[in-house]
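Pasted below: target.cif, mmCIF, C-alpha atoms.
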```
data_protein
#
loop_
_atom_site.label_atom_id
_atom_site.label_comp_id
_atom_site.auth_asym_id
_atom_site.auth_seq_id
_atom_site.Cartn_x
_atom_site.Cartn_y
_atom_site.Cartn_z
CA MET A 1158 -7.08 5.18 -21.10
CA LYS A 1159 -10.27 3.21 -21.63
CA THR A 1160 -12.59 2.75 -18.71
CA PRO A 1161 -14.49 -0.58 -18.38
CA ILE A 1162 -17.61 1.16 -19.75
CA GLY A 1163 -15.59 2.65 -22.60
CA TRP A 1164 -14.24 -0.79 -23.44
CA LEU A 1165 -17.76 -2.26 -23.42
CA GLU A 1166 -19.08 0.54 -25.63
CA ASN A 1167 -16.31 -0.07 -28.16
CA GLU A 1168 -16.87 -3.84 -28.15
CA LEU A 1169 -20.63 -3.50 -28.57
CA GLY A 1170 -20.07 -1.22 -31.56
CA GLU A 1171 -17.86 -3.86 -33.16
CA TRP A 1172 -20.43 -6.60 -32.47
CA VAL A 1173 -23.16 -4.52 -34.13
CA LYS A 1174 -20.96 -3.98 -37.21
CA GLU A 1175 -20.31 -7.71 -37.44
CA ALA A 1176 -24.05 -8.43 -37.08
CA LEU A 1177 -23.46 -10.42 -33.90
CA LEU A 1178 -25.85 -8.19 -31.98
CA SER A 1179 -28.69 -5.87 -32.88
CA GLU A 1180 -28.29 -2.16 -32.27
CA GLU A 1181 -31.33 -2.15 -29.99
CA ASN A 1182 -29.93 -4.91 -27.75
CA ALA A 1183 -26.53 -3.25 -27.71
CA THR A 1184 -28.15 -0.03 -26.45
CA LYS A 1185 -29.99 -1.92 -23.69
CA ILE A 1186 -26.84 -3.75 -22.55
CA LEU A 1187 -24.82 -0.54 -22.46
CA ALA A 1188 -27.54 1.30 -20.51
CA ARG A 1189 -27.72 -1.49 -17.96
CA TYR A 1190 -23.99 -1.47 -17.19
CA GLN A 1191 -23.80 2.32 -17.27
CA ASN A 1192 -26.52 2.48 -14.63
CA ALA A 1193 -24.79 -0.18 -12.52
CA ALA A 1194 -21.48 1.67 -12.72
CA SER A 1195 -23.14 4.97 -11.82
CA ARG A 1196 -24.88 3.43 -8.80
CA ALA A 1197 -21.63 1.87 -7.58
CA ASN A 1198 -19.71 5.13 -7.96
CA TRP A 1199 -22.47 7.10 -6.26
CA ALA A 1200 -22.65 4.65 -3.34
CA THR A 1201 -18.91 4.89 -2.79
CA ALA A 1202 -18.94 8.67 -2.97
CA THR A 1203 -21.83 9.01 -0.50
CA ALA A 1204 -20.15 6.63 1.94
CA ILE A 1205 -16.92 8.65 1.83
CA PHE A 1206 -18.75 11.95 2.29
CA ALA A 1207 -20.81 10.48 5.13
CA ALA A 1208 -17.70 9.32 7.00
CA PHE A 1209 -16.00 12.66 6.47
CA GLY A 1210 -19.14 14.55 7.52
CA ALA A 1211 -19.52 12.47 10.68
CA ALA A 1212 -15.92 13.18 11.66
CA LEU A 1213 -16.44 16.92 11.09
CA ILE A 1214 -19.61 16.92 13.19
CA GLY A 1215 -17.87 15.15 16.05
CA PHE A 1216 -14.86 17.47 15.99
CA GLY A 1217 -17.14 20.49 15.63
CA ILE A 1218 -19.08 19.62 18.77
CA ILE A 1219 -15.84 19.17 20.69
CA ALA A 1220 -14.46 22.47 19.37
CA ILE A 1221 -17.57 24.41 20.44
CA PHE A 1222 -17.31 23.23 24.02
CA ALA A 1223 -13.52 23.51 24.05
CA TYR A 1224 -13.91 27.24 23.45
CA ASN A 1225 -15.32 27.70 26.98
CA TRP A 1226 -13.65 24.64 28.47
CA GLU A 1227 -12.07 26.37 31.44
CA VAL A 1228 -15.37 27.71 32.80
CA LEU A 1229 -17.06 24.29 32.80
CA THR A 1230 -17.23 22.36 36.03
CA ARG A 1231 -16.15 18.77 36.36
CA GLY A 1232 -19.79 17.67 36.29
CA ASN A 1233 -20.45 19.72 33.14
CA LYS A 1234 -17.49 18.08 31.42
CA ALA A 1235 -18.66 14.59 32.38
CA ALA A 1236 -22.19 15.38 31.20
CA LEU A 1237 -20.80 16.67 27.90
CA ALA A 1238 -18.84 13.47 27.41
CA PHE A 1239 -21.91 11.30 27.93
CA VAL A 1240 -24.15 13.51 25.76
CA VAL A 1241 -21.76 13.25 22.81
CA LEU A 1242 -21.42 9.51 23.36
CA LEU A 1243 -25.19 8.95 23.67
CA ALA A 1244 -25.79 10.99 20.50
CA ALA A 1245 -23.30 8.81 18.60
CA GLN A 1246 -24.84 5.63 19.99
CA GLY A 1247 -28.36 6.79 19.14
CA PHE A 1248 -27.34 7.50 15.55
CA ALA A 1249 -25.57 4.12 15.41
CA PHE A 1250 -28.68 2.24 16.59
CA TYR A 1251 -30.80 4.08 14.03
CA ALA A 1252 -28.32 3.28 11.25
CA LYS A 1253 -28.18 -0.40 12.20
CA LEU A 1254 -31.91 -0.96 12.74
CA LYS A 1255 -33.45 1.34 10.13
CA ARG A 1256 -30.74 1.88 7.51
CA SER A 1257 -28.83 -1.38 7.61
CA GLN A 1258 -28.45 -1.49 3.81
CA SER A 1259 -27.02 2.01 3.53
CA ALA A 1260 -23.24 2.27 3.26
CA ALA A 1261 -23.44 6.00 3.92
CA TYR A 1262 -25.20 5.50 7.27
CA ALA A 1263 -22.81 2.68 8.21
CA GLU A 1264 -19.74 4.80 7.50
CA GLY A 1265 -21.17 7.83 9.24
CA ALA A 1266 -22.20 5.85 12.33
CA GLY A 1267 -18.87 4.03 12.57
CA VAL A 1268 -16.66 7.12 12.31
CA PHE A 1269 -18.96 9.16 14.60
CA LEU A 1270 -18.77 6.44 17.26
CA ILE A 1271 -14.97 6.37 17.15
CA VAL A 1272 -14.76 10.14 17.49
CA ALA A 1273 -17.33 10.12 20.31
CA PHE A 1274 -15.64 7.28 22.22
CA THR A 1275 -12.26 8.96 21.90
CA ALA A 1276 -13.59 12.38 22.94
CA ALA A 1277 -15.59 11.00 25.89
CA LEU A 1278 -12.64 9.04 27.20
CA ALA A 1279 -10.32 12.05 26.85
CA ILE A 1280 -12.79 14.34 28.64
CA ILE A 1281 -13.33 11.96 31.55
CA ALA A 1282 -9.59 11.29 31.88
CA GLN A 1283 -8.82 15.02 31.91
CA ALA A 1284 -11.66 16.05 34.21
CA TYR A 1285 -10.99 13.41 36.85
CA HIS A 1286 -7.19 13.30 36.44
CA ILE A 1287 -7.09 9.63 35.56
CA GLY A 1288 -3.50 8.46 35.28
CA GLY A 1289 -1.88 6.93 32.24
CA ASP A 1290 -0.03 7.92 29.11
CA LEU A 1291 -0.82 8.07 25.41
CA ILE A 1292 -0.14 4.36 24.95
CA ASP A 1293 -2.62 3.44 27.71
CA PHE A 1294 -5.19 5.81 26.20
CA THR A 1295 -4.73 4.34 22.70
CA GLN A 1296 -5.08 0.78 24.00
CA VAL A 1297 -8.39 1.58 25.68
CA VAL A 1298 -9.75 3.45 22.64
CA ILE A 1299 -8.92 0.53 20.33
CA LEU A 1300 -10.48 -1.94 22.76
CA LEU A 1301 -13.74 0.06 22.87
CA THR A 1302 -13.96 0.80 19.16
CA LEU A 1303 -12.63 -2.37 17.48
CA PRO A 1304 -16.08 -4.09 17.41
CA ILE A 1305 -17.43 -1.18 15.35
CA ILE A 1306 -15.78 -2.40 12.16
CA TYR A 1307 -17.53 -5.78 12.44
CA ILE A 1308 -20.91 -4.39 13.49
CA PHE A 1309 -21.14 -1.77 10.73
CA ASN A 1310 -18.56 -3.06 8.23
CA SER A 1311 -17.26 0.50 8.24
CA LYS A 1312 -14.26 1.00 5.99
CA GLY A 1313 -13.41 4.42 7.38
CA SER A 1314 -13.50 3.10 10.95
CA SER A 1315 -11.33 0.15 9.97
CA ALA A 1316 -8.72 2.42 8.41
CA ILE A 1317 -8.62 4.61 11.52
CA ILE A 1318 -8.30 1.61 13.84
CA PHE A 1319 -5.57 -0.04 11.74
CA ILE A 1320 -3.52 3.16 11.75
CA ALA A 1321 -3.96 3.34 15.54
CA ILE A 1322 -2.89 -0.30 15.92
CA ALA A 1323 0.18 0.22 13.72
CA ALA A 1324 1.11 3.31 15.74
CA LEU A 1325 0.61 1.31 18.95
CA LEU A 1326 2.86 -1.50 17.72
CA VAL A 1327 5.59 0.98 16.84
CA GLY A 1328 5.13 2.95 20.06
CA THR A 1329 5.23 -0.05 22.39
CA ILE A 1330 8.52 -1.51 21.17
CA ASP A 1331 10.32 -0.22 24.26
CA GLU A 1332 7.38 -0.65 26.63
CA GLY A 1333 7.92 -4.34 27.42
CA ASN A 1334 6.41 -7.64 26.36
CA ARG A 1335 2.95 -7.02 27.84
CA SER A 1336 2.29 -3.82 25.87
CA GLN A 1337 3.56 -5.41 22.67
CA THR A 1338 1.42 -8.50 23.25
CA VAL A 1339 -1.71 -6.38 23.65
CA ALA A 1340 -0.88 -4.48 20.46
CA TRP A 1341 -0.42 -7.73 18.51
CA ILE A 1342 -3.71 -9.09 19.89
CA TYR A 1343 -5.44 -6.01 18.52
CA PHE A 1344 -3.71 -6.51 15.16
CA PHE A 1345 -4.88 -10.12 14.84
CA ALA A 1346 -8.37 -9.11 15.99
CA TRP A 1347 -8.53 -6.54 13.17
CA PHE A 1348 -6.96 -8.75 10.48
CA PRO A 1349 -10.00 -11.06 9.82
CA TRP A 1350 -12.01 -8.03 8.66
CA TYR A 1351 -9.34 -7.20 6.09
CA LEU A 1352 -9.00 -10.84 5.06
CA TYR A 1353 -12.76 -11.11 4.51
CA ARG A 1354 -12.69 -8.10 2.19
CA LEU A 1355 -9.70 -9.52 0.37
CA ILE A 1356 -11.60 -12.76 -0.30
CA TYR A 1357 -15.11 -11.53 -1.06
CA ASP A 1358 -14.61 -7.98 -2.34
CA ARG A 1359 -11.08 -8.00 -3.65
CA ASN A 1360 -11.73 -5.96 -6.81
CA SER A 1361 -13.28 -2.90 -5.17
CA GLY A 1362 -11.40 0.37 -4.96
CA VAL A 1363 -11.69 0.31 -1.17
CA THR A 1364 -9.94 -3.06 -0.99
CA HIS A 1365 -7.14 -1.81 -3.24
CA ALA A 1366 -6.70 1.15 -0.91
CA PHE A 1367 -6.59 -1.18 2.10
CA ASN A 1368 -4.00 -3.36 0.36
CA LEU A 1369 -1.76 -0.33 0.04
CA LEU A 1370 -2.47 0.81 3.61
CA PHE A 1371 -1.75 -2.67 4.94
CA MET A 1372 1.54 -2.89 3.05
CA CYS A 1373 2.73 0.50 4.30
CA GLY A 1374 1.68 -0.37 7.86
CA VAL A 1375 3.45 -3.73 7.92
CA VAL A 1376 6.65 -2.31 6.41
CA THR A 1377 6.64 0.46 9.03
CA ILE A 1378 6.09 -2.02 11.87
CA VAL A 1379 8.78 -4.44 10.66
CA GLY A 1380 11.25 -1.60 10.16
CA ALA A 1381 10.65 -0.24 13.66
CA GLU A 1382 10.88 -3.68 15.27
CA VAL A 1383 14.15 -4.49 13.49
CA ASP A 1384 15.72 -1.12 14.35
CA SER A 1385 14.79 -1.56 18.00
CA TYR A 1386 15.96 -5.10 18.64
CA TYR A 1387 18.93 -5.56 16.31
CA SER A 1388 22.14 -3.73 15.53
CA LEU A 1389 22.14 -4.18 11.78
CA SER A 1390 24.06 -2.77 8.89
CA ASP A 1391 22.28 -0.74 6.22
CA LEU A 1392 22.60 -3.67 3.84
CA GLN A 1393 20.98 -6.08 6.30
CA GLU A 1394 18.08 -3.69 6.91
CA MET A 1395 17.54 -3.45 3.16
CA ALA A 1396 17.64 -7.24 2.88
CA ILE A 1397 14.78 -7.50 5.39
CA LEU A 1398 12.77 -4.74 3.71
CA SER A 1399 13.32 -6.39 0.33
CA LEU A 1400 11.74 -9.55 1.77
CA CYS A 1401 8.66 -7.55 2.77
CA PHE A 1402 8.28 -5.81 -0.59
CA ALA A 1403 8.98 -8.96 -2.60
CA SER A 1404 6.40 -10.88 -0.55
CA PHE A 1405 3.78 -8.19 -1.10
CA TRP A 1406 4.52 -8.20 -4.83
CA LEU A 1407 4.19 -12.00 -5.00
CA ALA A 1408 0.93 -11.97 -3.01
CA ASN A 1409 -0.52 -9.25 -5.23
CA VAL A 1410 0.42 -11.13 -8.41
CA LEU A 1411 -1.37 -14.21 -7.05
CA ILE A 1412 -4.50 -12.35 -5.96
CA TYR A 1413 -4.73 -10.16 -9.08
CA PRO A 1414 -3.25 -12.25 -11.91
CA GLY A 1415 -4.92 -10.36 -14.76
CA LYS A 1416 -3.81 -7.19 -16.46
CA ALA A 1417 -4.68 -4.01 -14.59
CA LYS A 1418 -3.72 -0.35 -14.27
CA PHE A 1419 -1.75 1.12 -11.39
CA PHE A 1420 -4.78 2.28 -9.39
CA GLN A 1421 -6.21 -1.24 -9.57
CA ARG A 1422 -3.05 -2.92 -8.23
CA PRO A 1423 -1.08 -0.20 -6.43
CA VAL A 1424 0.65 -2.65 -4.07
CA GLU A 1425 2.41 -4.41 -6.92
CA GLU A 1426 3.62 -1.18 -8.49
CA VAL A 1427 4.76 0.36 -5.19
CA ALA A 1428 6.60 -2.84 -4.22
CA LYS A 1429 8.22 -2.93 -7.65
CA PHE A 1430 9.29 0.70 -7.28
CA ALA A 1431 10.71 0.08 -3.79
CA ILE A 1432 12.78 -2.89 -5.01
CA ALA A 1433 14.11 -0.82 -7.91
CA VAL A 1434 15.13 2.01 -5.58
CA MET A 1435 16.88 -0.38 -3.18
CA LEU A 1436 18.84 -2.06 -5.97
CA LEU A 1437 19.85 1.29 -7.41
CA ILE A 1438 21.00 2.42 -3.96
CA GLY A 1439 23.03 -0.76 -3.73
CA ALA A 1440 24.65 0.04 -7.08
CA PHE A 1441 25.69 3.47 -5.85
CA ALA A 1442 25.79 4.02 -2.08
CA PHE A 1443 27.51 0.94 -0.72
CA ASN A 1444 30.81 1.70 -2.42
CA LYS A 1445 31.14 5.12 -0.82
CA SER A 1446 33.81 5.75 1.76
CA GLY A 1447 32.56 5.07 5.28
CA TYR A 1448 29.38 3.45 4.01
CA TYR A 1449 30.57 -0.16 3.84
CA TYR A 1450 28.33 -2.60 5.65
CA ARG A 1451 29.40 -4.10 8.93
CA GLU A 1452 29.76 -7.85 8.58
CA ILE A 1453 27.57 -9.72 11.09
CA GLU A 1454 27.84 -13.47 11.19
CA ASN A 1455 24.14 -14.33 10.99
CA MET A 1456 21.02 -12.53 9.93
CA PRO A 1457 18.52 -11.94 12.76
CA ALA A 1458 15.66 -14.34 13.45
CA VAL A 1459 13.15 -11.93 11.92
CA PHE A 1460 14.80 -12.53 8.54
CA ILE A 1461 14.04 -16.26 8.81
CA PHE A 1462 10.50 -15.53 10.06
CA LEU A 1463 9.77 -13.27 7.09
CA SER A 1464 11.35 -15.79 4.72
CA LEU A 1465 8.66 -18.43 5.37
CA PRO A 1466 5.74 -16.65 3.64
CA TYR A 1467 8.15 -15.35 1.02
CA PHE A 1468 9.27 -18.82 -0.07
CA ALA A 1469 5.69 -20.15 0.04
CA LEU A 1470 4.49 -17.32 -2.22
CA PHE A 1471 7.53 -17.70 -4.46
CA GLY A 1472 6.65 -21.34 -5.11
CA PHE A 1473 3.00 -20.57 -5.89
CA VAL A 1474 3.88 -17.80 -8.33
CA PHE A 1475 6.27 -20.02 -10.25
CA TYR A 1476 3.68 -22.76 -10.42
CA LYS A 1477 0.70 -20.59 -11.32
CA LEU A 1478 2.07 -17.58 -13.16
CA ARG A 1479 4.85 -18.56 -15.47
CA ASP A 1480 4.13 -15.61 -17.76
CA ARG A 1481 5.62 -13.18 -15.21
CA TYR A 1482 9.18 -14.47 -15.56
CA TYR A 1483 10.30 -11.19 -17.13
CA GLU A 1484 9.79 -9.50 -13.73
CA LEU A 1485 11.92 -12.01 -11.84
CA ILE A 1486 14.18 -9.27 -10.51
CA ILE A 1487 11.45 -8.26 -8.03
CA PRO A 1488 11.00 -11.57 -6.16
CA LEU A 1489 14.72 -12.37 -6.51
CA ALA A 1490 15.83 -9.13 -4.83
CA PRO A 1491 16.12 -10.71 -1.33
CA PHE A 1492 18.58 -13.26 -2.72
CA ILE A 1493 20.70 -10.49 -4.19
CA PHE A 1494 20.85 -8.69 -0.84
CA TYR A 1495 21.62 -11.93 0.96
CA ILE A 1496 24.50 -12.71 -1.42
CA ALA A 1497 25.88 -9.21 -0.86
CA GLN A 1498 25.65 -9.77 2.90
CA ALA A 1499 27.00 -13.31 3.00
CA PHE A 1500 30.21 -12.82 1.00
CA GLU A 1501 33.15 -10.47 1.41
CA LEU A 1502 32.74 -8.72 -1.92
CA GLY A 1503 34.35 -5.38 -1.09
CA GLU A 1504 34.10 -3.15 -4.15
CA GLY A 1505 32.27 -6.00 -5.87
CA VAL A 1506 29.10 -5.11 -3.96
CA LYS A 1507 28.31 -2.20 -6.25
CA TRP A 1508 28.89 -4.34 -9.35
CA LEU A 1509 26.61 -7.06 -8.02
CA PHE A 1510 23.80 -4.53 -7.73
CA THR A 1511 24.73 -2.92 -11.04
CA ILE A 1512 24.41 -6.26 -12.85
CA ALA A 1513 21.09 -6.87 -11.08
CA CYS A 1514 19.79 -3.47 -12.21
CA VAL A 1515 20.90 -4.08 -15.82
CA ALA A 1516 19.23 -7.49 -15.82
CA GLY A 1517 16.07 -6.08 -14.26
CA GLY A 1518 15.74 -3.12 -16.60
CA ALA A 1519 16.48 -5.22 -19.69
CA SER A 1520 13.96 -7.90 -18.70
CA PHE A 1521 11.28 -5.23 -18.20
CA ILE A 1522 11.95 -3.89 -21.69
CA ILE A 1523 11.87 -7.38 -23.23
CA GLY A 1524 8.72 -8.28 -21.28
CA GLY A 1525 7.00 -5.03 -22.26
CA THR A 1526 7.87 -5.55 -25.92
CA THR A 1527 6.76 -9.19 -25.88
CA ARG A 1528 3.48 -8.42 -24.13
CA LEU A 1529 2.92 -5.17 -26.04
CA ASN A 1530 2.91 -3.28 -22.74
CA THR A 1531 4.39 0.21 -23.21
CA ALA A 1532 4.20 1.08 -19.51
CA LEU A 1533 6.26 -1.95 -18.50
CA ALA A 1534 8.86 -1.32 -21.21
CA ASN A 1535 9.14 2.33 -20.16
CA GLN A 1536 9.76 1.24 -16.56
CA GLY A 1537 12.75 -0.75 -17.77
CA ILE A 1538 14.02 2.18 -19.83
CA VAL A 1539 13.76 4.56 -16.86
CA TRP A 1540 15.47 2.01 -14.61
CA LEU A 1541 18.45 1.68 -16.99
CA ALA A 1542 18.59 5.43 -17.54
CA ILE A 1543 18.87 6.10 -13.79
CA LEU A 1544 21.53 3.41 -13.47
CA LEU A 1545 23.58 4.92 -16.28
CA LEU A 1546 23.32 8.36 -14.69
CA ILE A 1547 24.51 6.91 -11.38
CA ARG A 1548 27.48 5.29 -13.04
CA PHE A 1549 28.30 8.45 -15.01
CA PHE A 1550 28.37 10.70 -11.96
CA ASP A 1551 30.26 8.07 -9.99
CA SER A 1552 32.97 7.81 -12.63
CA HIS A 1553 36.20 9.79 -12.94
CA LEU A 1554 35.15 11.65 -16.08
CA THR A 1555 35.29 15.46 -16.17
CA PHE A 1556 32.06 17.44 -15.93
CA LEU A 1557 32.26 18.20 -19.67
CA GLU A 1558 32.66 14.52 -20.52
CA LYS A 1559 29.83 13.58 -18.17
CA GLY A 1560 27.57 16.23 -19.67
CA ILE A 1561 28.23 15.09 -23.26
CA ALA A 1562 27.79 11.44 -22.32
CA SER A 1563 24.50 12.22 -20.54
CA ILE A 1564 23.14 14.06 -23.58
CA VAL A 1565 24.12 11.25 -25.95
CA VAL A 1566 22.62 8.56 -23.74
CA GLY A 1567 19.48 10.66 -23.23
CA VAL A 1568 18.97 11.04 -26.98
CA MET A 1569 19.51 7.31 -27.43
CA PHE A 1570 16.92 6.49 -24.79
CA ILE A 1571 14.36 8.89 -26.28
CA GLY A 1572 14.92 7.32 -29.69
CA ALA A 1573 14.63 3.82 -28.26
CA ASN A 1574 11.40 4.76 -26.51
CA VAL A 1575 9.91 6.22 -29.70
CA LEU A 1576 10.83 3.12 -31.71
CA LEU A 1577 9.54 0.82 -29.00
CA SER A 1578 6.23 2.67 -28.68
CA ARG A 1579 5.81 2.63 -32.46
CA TYR A 1580 6.51 -1.11 -32.59
CA ILE A 1581 4.02 -1.87 -29.81
CA ARG A 1582 1.37 0.35 -31.41
CA THR A 1583 1.86 -1.38 -34.76
CA GLN A 1584 1.56 -4.81 -33.20
CA ASN A 1585 -1.59 -3.79 -31.33
CA GLU A 1586 -3.17 -2.51 -34.55
CA ARG A 1587 -2.36 -5.77 -36.32
CA ALA A 1588 -3.86 -7.76 -33.42
#
```
What's the structure tokens form of this structure?
Amino acid sequence: MKTPIGWLENELGEWVKEALLSEENATKILARYQNAASRANWATATAIFAAFGAALIGFGIIAIFAYNWEVLTRGNKAALAFVVLLAAQGFAFYAKLKRSQSAAYAEGAGVFLIVAFTAALAIIAQAYHIGGDLIDFTQVVILLTLPIIYIFNSKGSSAIIFIAIAALLVGTIDEGNRSQTVAWIYFFAWFPWYLYRLIYDRNSGVTHAFNLLFMCGVVTIVGAEVDSYYSLSDLQEMAILSLCFASFWLANVLIYPGKAKFFQRPVEEVAKFAIAVMLLIGAFAFNKSGYYYREIENMPAVFIFLSLPYFALFGFVFYKLRDRYYELIIPLAPFIFYIAQAFELGEGVKWLFTIACVAGGASFIIGGTTRLNTALANQGIVWLAILLLIRFFDSHLTFLEKGIASIVVGVMFIGANVLLSRYIRTQNERA
């Protein structure tokens, strides 16, 4: 795999051979971008280590005092809480006033403040027997620490707070409207920070990581909310989850339209994988005895709510990115689940999903071959191979017949993959 610097080095060598650029200028250009890449990588690494180090320091201080916790008086415990908090605040002021351009200081200060606030609040609550439960405690901690992400632009702090907010949303489902409202207020107070990064720093590795974190958090929240409020069949739950994953895939295709590797666009690949798994489950599980879906007249309101951004994104993708038609199975997955839910198909449910999987795998192979993308073509091959295995083991053949059929199909797929890879490599060399 070529890194961006490796690609530039190769291109500069070609330009020198074609006399488009002197060797001296090529060396200067390469040195400039190598230095820039090294500085960016070093800055990211130091920021990560600073955040991790700050967390360790905070937990270490707490652990030292926790060792003799029982012998401390109430006043000693309160003093300890304020000392830790003042130390974190002092470091934060220094980082903001004297080291405002340092990402390492910002990350360290942000994470240290969160740990200090959380520890101080826990100590005071325990020492003075302040009432409340874990949900009340989490709400107060988020309220006190949420401004940190805007003051320091701390990525580590933002990740911690988002995880806490997602946990709060899931944990307050049965706590009543007020607790849920507070949790959603926190969510929408955090969201502008993420949106700002998505607009102005969308290509950084940190933003890609947040995209994946955000997707996992939202899917978890939606799943918990649906399970709590609605009595749904397995098929209906999958229809709602397919809406989430398809929407994330569409949004990612719009935001990152160019070619990229998995680590540069993990949301798209994870969403694609989730849709594939759900369709394969539909081709296998829903025909099993006792696993038929329960017919419910209408889908819940959350399905309609989630459909609004889905249809908006669907329209934009079709207008802007017509070259992604070979991956249509991903955004069309919600329709497939809805058709399976809306009609009394009986045994036909498994064949609906089987046809969808065949169409999806074949389109991936065709798209990968057309675009000379081996990874995409291999995804289609794996998808079809899994589907065939499902159908083999679900058939009435004997174990011997299944074993022979599996070997034959496996050899055919290996041969197809070799031929496909050779064709793509040949076409790339000609290009």
TODO: Could you tell me which of A:Pro1423, A:Asp1331, A:Ile1522, A:Gln1246 comes closest to Tyr1386 (chain A) if we count all atoms listed in the file?
DONE: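 The closest residue to Tyr1386 (chain A) is A:Asp1331.
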- [ ] Show which residues sit within 9 Å of Phe1348 (chain A), as a VMD selection string. Count all atoms listed in the file, and ignore same-chain residues fewer than 5 positions away.
- [x] chain A and resid 1319 1343 1353
Task: Coordinates-based distance that separates CA of Arg1354 (chain A) from CA of Ile1412 (chain A) (Å, one decimal) - done: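 Distance between the two atoms: 12.3 Å.
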- [ ] Provide the CA of Ile1306 (chain A) to CA of Ala1346 (chain A) distance in Å, to one decimal place.
- [x] 10.7 Å
Task: Separation of CA of Val1474 (chain A) from CA of Leu1411 (chain A), in Å and rounded to one decimal - done: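 For CA of Val1474 (chain A) relative to CA of Leu1411 (chain A), the distance reads 6.5 Å.
Applied to the file shown here, the PyMOL selection byres ((chain A and resi 1463) around 10) selects the residues Val1379, Ile1397, Leu1398, Leu1400, Cys1401, Ser1404, Ala1458, Val1459, Phe1460, Ile1461, Phe1462, Ser1464, Leu1465, Pro1466, Tyr1467 and Phe1468 of chain A.
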Per-residue nearest contacts of region 1280-1341 of chain A to region 1362-1365 of chain A (12 Å; all atoms listed in the file) as CSV:
```
residue,atom,partner,partner_atom,distance
A:Ser1311,CA,A:Val1363,CA,10.9
A:Lys1312,CA,A:Val1363,CA,7.6
A:Gly1313,CA,A:Val1363,CA,9.6
A:Ser1315,CA,A:Val1363,CA,11.1
A:Ala1316,CA,A:Val1363,CA,10.2
```
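What the PyMOL selection byres ((chain A and resi 1519) around 12) picks from this file is Tyr1483, Glu1484, Leu1485, Ile1486, Ile1512, Ala1513, Cys1514, Val1515, Ala1516, Gly1517, Gly1518, Ser1520, Phe1521, Ile1522, Ile1523, Gly1524, Gly1525, Thr1526, Leu1533, Ala1534, Asn1535, Gln1536, Gly1537, Ile1538, Val1539, Trp1540, Leu1541, Ala1542 and Leu1544 of chain A.
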TODO: Would you translate the PyMOL selection byres ((chain A and resi 1303) around 9) into the concrete set of residues it matches in this file, as a ChimeraX atom specification?
DONE: /A:1298-1302,1304-1307,1314-1315,1318,1343,1346-1347
Open item on the list: The residues within 9 Å of (28.9, -1.2, -9.0), using only C-alpha atoms and the coordinates of the file, should be reported as a ChimeraX atom specification; which are they?
Closed with: /A:1439-1441,1443-1444,1504-1512,1548
Could you write out the selected residues, including C-alpha atoms, as a CSV table (one decimal), in the frame of the given file?
```csv
chain,number,residue,atom,x,y,z
A,1439,GLY,CA,23.0,-0.8,-3.7
A,1440,ALA,CA,24.6,0.0,-7.1
A,1441,PHE,CA,25.7,3.5,-5.8
A,1443,PHE,CA,27.5,0.9,-0.7
A,1444,ASN,CA,30.8,1.7,-2.4
A,1504,GLU,CA,34.1,-3.2,-4.2
A,1505,GLY,CA,32.3,-6.0,-5.9
A,1506,VAL,CA,29.1,-5.1,-4.0
A,1507,LYS,CA,28.3,-2.2,-6.2
A,1508,TRP,CA,28.9,-4.3,-9.4
A,1509,LEU,CA,26.6,-7.1,-8.0
A,1510,PHE,CA,23.8,-4.5,-7.7
A,1511,THR,CA,24.7,-2.9,-11.0
A,1512,ILE,CA,24.4,-6.3,-12.8
A,1548,ARG,CA,27.5,5.3,-13.0
```
